[in-house]
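Read the structure below first, then the notes.
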Amino acid sequence: TGEAVNPKAYPLADAQLTISIMDIVQQAANYKQLKKGANEATKTLNRGISEIVVMAADTEPLEILLHLPLLAEDKERSCEAFGVRWCREFDFVAPSTFFEESKPWMDKLKVIKRLASERGSSARIFKAIADPPTTSLQRLKGLTTGGLPTFIDVGNSFGAPAIVEDNFIHQLVQNGKRVVMMGDDTWTQLFPDHFKKSFPYPSFNVKDLHTVDNGCIDHLLPTLYEEDWDVLIAHFLGVDHAGHIFGVDSTPMIEKLEQYNAILETGEAVNPKAYPLADAQLTISIMDIVQQAANYKQLKKGANEATKTLNRGISEIVVMAADTEPLEILLHLPLLAEDKNVPYVFVPSKEALGRACGVTRPVIACSVTSNEGSQLKPQIEQLKDAIEKLLI
């Protein structure tokens, strides 16, 4: 390291950090997440898929590499020793009217936009600009301690040591708060003894868009119904990985944002009387069946029409919106459905249910009706089974 010192080779890793960098490079090669050579590194930056750029300080002449730091900085990445979180979160949550040009990824997180608009006294959208390094460990350390993470922290990004500085997680626990965490396993590395319950999932494989998110989905709604916690942390990761691998304009990115909006709608709509409540994944399946049922003329919209189908014995499934106000105007339907042995389920949003029904207005309830010769019958039976499992 000392022999290779060149003032243009900046930042230059010290011996300890160099060992960590080489270890990550080796693992990235094993995971097929490595591109070698200056030309290939340039391509990854231009395509927006670079996590870290590493250059050799003893290259002669060094000038043949010096376009890389400039390009890395232009791409909001810093070269040589650290990666960057996807840097468009503000674009995701702020209304598209904030920007000169509307983009495909904007206005997908409708719940956040609506809360900021309708509940201005308790919901705000803030823009934060993070200085590098901005990998998960450094951002979490900065958020929880209020301190500024350093480049040397990056060497600990994989196998992170526990935080010893004062931090708000420690303060919560010290003040008797019960903290539950689910998602990115970086949290349990930083706070190994702080969580009453934790459901960590591996975050290293940037090509994996679903493992961490599905883990959060599996535990989020059941935990919301429980009363043995005070603070809940759910760290989803798929949108970050989608940005790194596919880019912000990609279909996987937009699908992830829409999935998160459905999850937020589900969480916002939690009401103990709205039972059973479909999770985000099941909600997507329900909406798909409702949409197809509308196309096949096997759908009745509205609470009164759903009641009629139950009384006439032609209802296959009853779907209700958990955000109906007041919810009591629907609560005769579960009782009647049970009497008629018909599966019933709540979904988070009357707006989304309306769209699935093929109308522009909210729909608080609908009934998928029977038709022996329908091509939908196998899918309806599968959905019935999935709804029945919610009641077990």
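Chain labels run A, B, ... following the order of the structure tokens; each chain numbers its residues from 1, and ligands are numbered from 1 in the order shown.
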
With a distance cut-off of 10 Å and only C-alpha atoms, select the neighbouring residues of region 108-110 of chain A, excluding the residue or stretch itself and same-chain residues fewer than 6 positions from it, and output the selection as number ranges by chain. A: 92-96, 116, 254-262, 264-265

Store the residues of this selection in a file with N, CA and C atoms, as a CSV table (one decimal), in the first residue's frame.
chain,number,residue,atom,x,y,z
A,92,PHE,N,-40.1,8.1,-5.3
A,92,PHE,CA,-41.1,7.1,-5.1
A,92,PHE,C,-42.3,7.6,-4.3
A,93,VAL,N,-42.0,8.4,-3.2
A,93,VAL,CA,-43.1,8.7,-2.3
A,93,VAL,C,-43.7,10.1,-2.5
A,94,ALA,N,-43.0,11.0,-3.2
A,94,ALA,CA,-43.5,12.3,-3.4
A,94,ALA,C,-44.4,12.3,-4.6
A,95,PRO,N,-45.5,13.2,-4.6
A,95,PRO,CA,-46.4,13.2,-5.8
A,95,PRO,C,-45.6,13.7,-7.0
A,96,SER,N,-46.0,13.2,-8.2
A,96,SER,CA,-45.3,13.5,-9.4
A,96,SER,C,-45.4,15.0,-9.7
A,116,ALA,N,-50.2,11.8,3.6
A,116,ALA,CA,-49.6,13.1,3.7
A,116,ALA,C,-50.7,14.2,3.4
A,254,ILE,N,-41.4,-1.3,-10.8
A,254,ILE,CA,-42.8,-0.9,-10.6
A,254,ILE,C,-43.6,-1.9,-9.9
A,255,GLU,N,-43.4,-3.2,-10.2
A,255,GLU,CA,-44.1,-4.3,-9.5
A,255,GLU,C,-43.9,-4.2,-8.0
A,256,LYS,N,-42.6,-4.0,-7.7
A,256,LYS,CA,-42.3,-3.9,-6.2
A,256,LYS,C,-43.0,-2.8,-5.5
A,257,LEU,N,-43.0,-1.6,-6.2
A,257,LEU,CA,-43.6,-0.4,-5.6
A,257,LEU,C,-45.1,-0.7,-5.5
A,258,GLU,N,-45.8,-1.3,-6.4
A,258,GLU,CA,-47.2,-1.6,-6.3
A,258,GLU,C,-47.5,-2.6,-5.2
A,259,GLN,N,-46.5,-3.6,-5.1
A,259,GLN,CA,-46.7,-4.6,-4.0
A,259,GLN,C,-46.6,-3.9,-2.7
A,260,TYR,N,-45.7,-3.0,-2.5
A,260,TYR,CA,-45.5,-2.2,-1.2
A,260,TYR,C,-46.8,-1.4,-0.9
A,261,ASN,N,-47.3,-0.8,-2.0
A,261,ASN,CA,-48.5,0.0,-1.7
A,261,ASN,C,-49.7,-0.9,-1.2
A,262,ALA,N,-49.8,-2.1,-1.8
A,262,ALA,CA,-50.8,-3.1,-1.4
A,262,ALA,C,-50.6,-3.5,0.1
A,264,LEU,N,-49.0,-1.6,2.4
A,264,LEU,CA,-49.3,-0.4,3.2
A,264,LEU,C,-50.9,-0.3,3.3
A,265,GLU,N,-51.6,-0.5,2.3
A,265,GLU,CA,-53.0,-0.5,2.3
A,265,GLU,C,-53.6,-1.5,3.3

| task | Pick out the residues sitting within 6 Å of region 193-201 of chain A, and hand them over as a PyMOL selection string; count only C-alpha atoms, and ignore anything fewer than 5 positions along from it in its own chain. | result | chain A and resi 178-185+212

Counting only C-alpha atoms, closest pick from A:Leu209, A:Leu221, A:Ala386, A:Met22 relative to Gly243 (chain A) is A:Leu209

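Relative to CA of Gln292 (chain A), CA of Lys384 (chain A) is found at 15.3 Å.
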
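Closest approach to Met287 (chain A) among A:Lys308, A:Lys340, A:Arg355, A:Lys300: A:Arg355, based on only C-alpha atoms.
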
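Per DSSP on the backbone, strand (DSSP E or B) in region 161-215 of chain A comprises A:Val179, A:Val180, A:Met181, A:Met182, A:Gly183, A:Asp184, A:Lys197, A:Ser198, A:Phe199, A:Pro200, A:Tyr201.
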
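Between CA of Gly373 (chain A) and CA of Ala294 (chain A) the interatomic distance comes to 15.7 Å.
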
Could you tell me, as an MDAnalysis selection string, which residues of region 220-385 of chain A DSSP assigns to alpha helix (DSSP H) when given the backbone? chainID A and resid 220:225 238:245 251:268 280:295 303:311 332:339 350:356 377:385
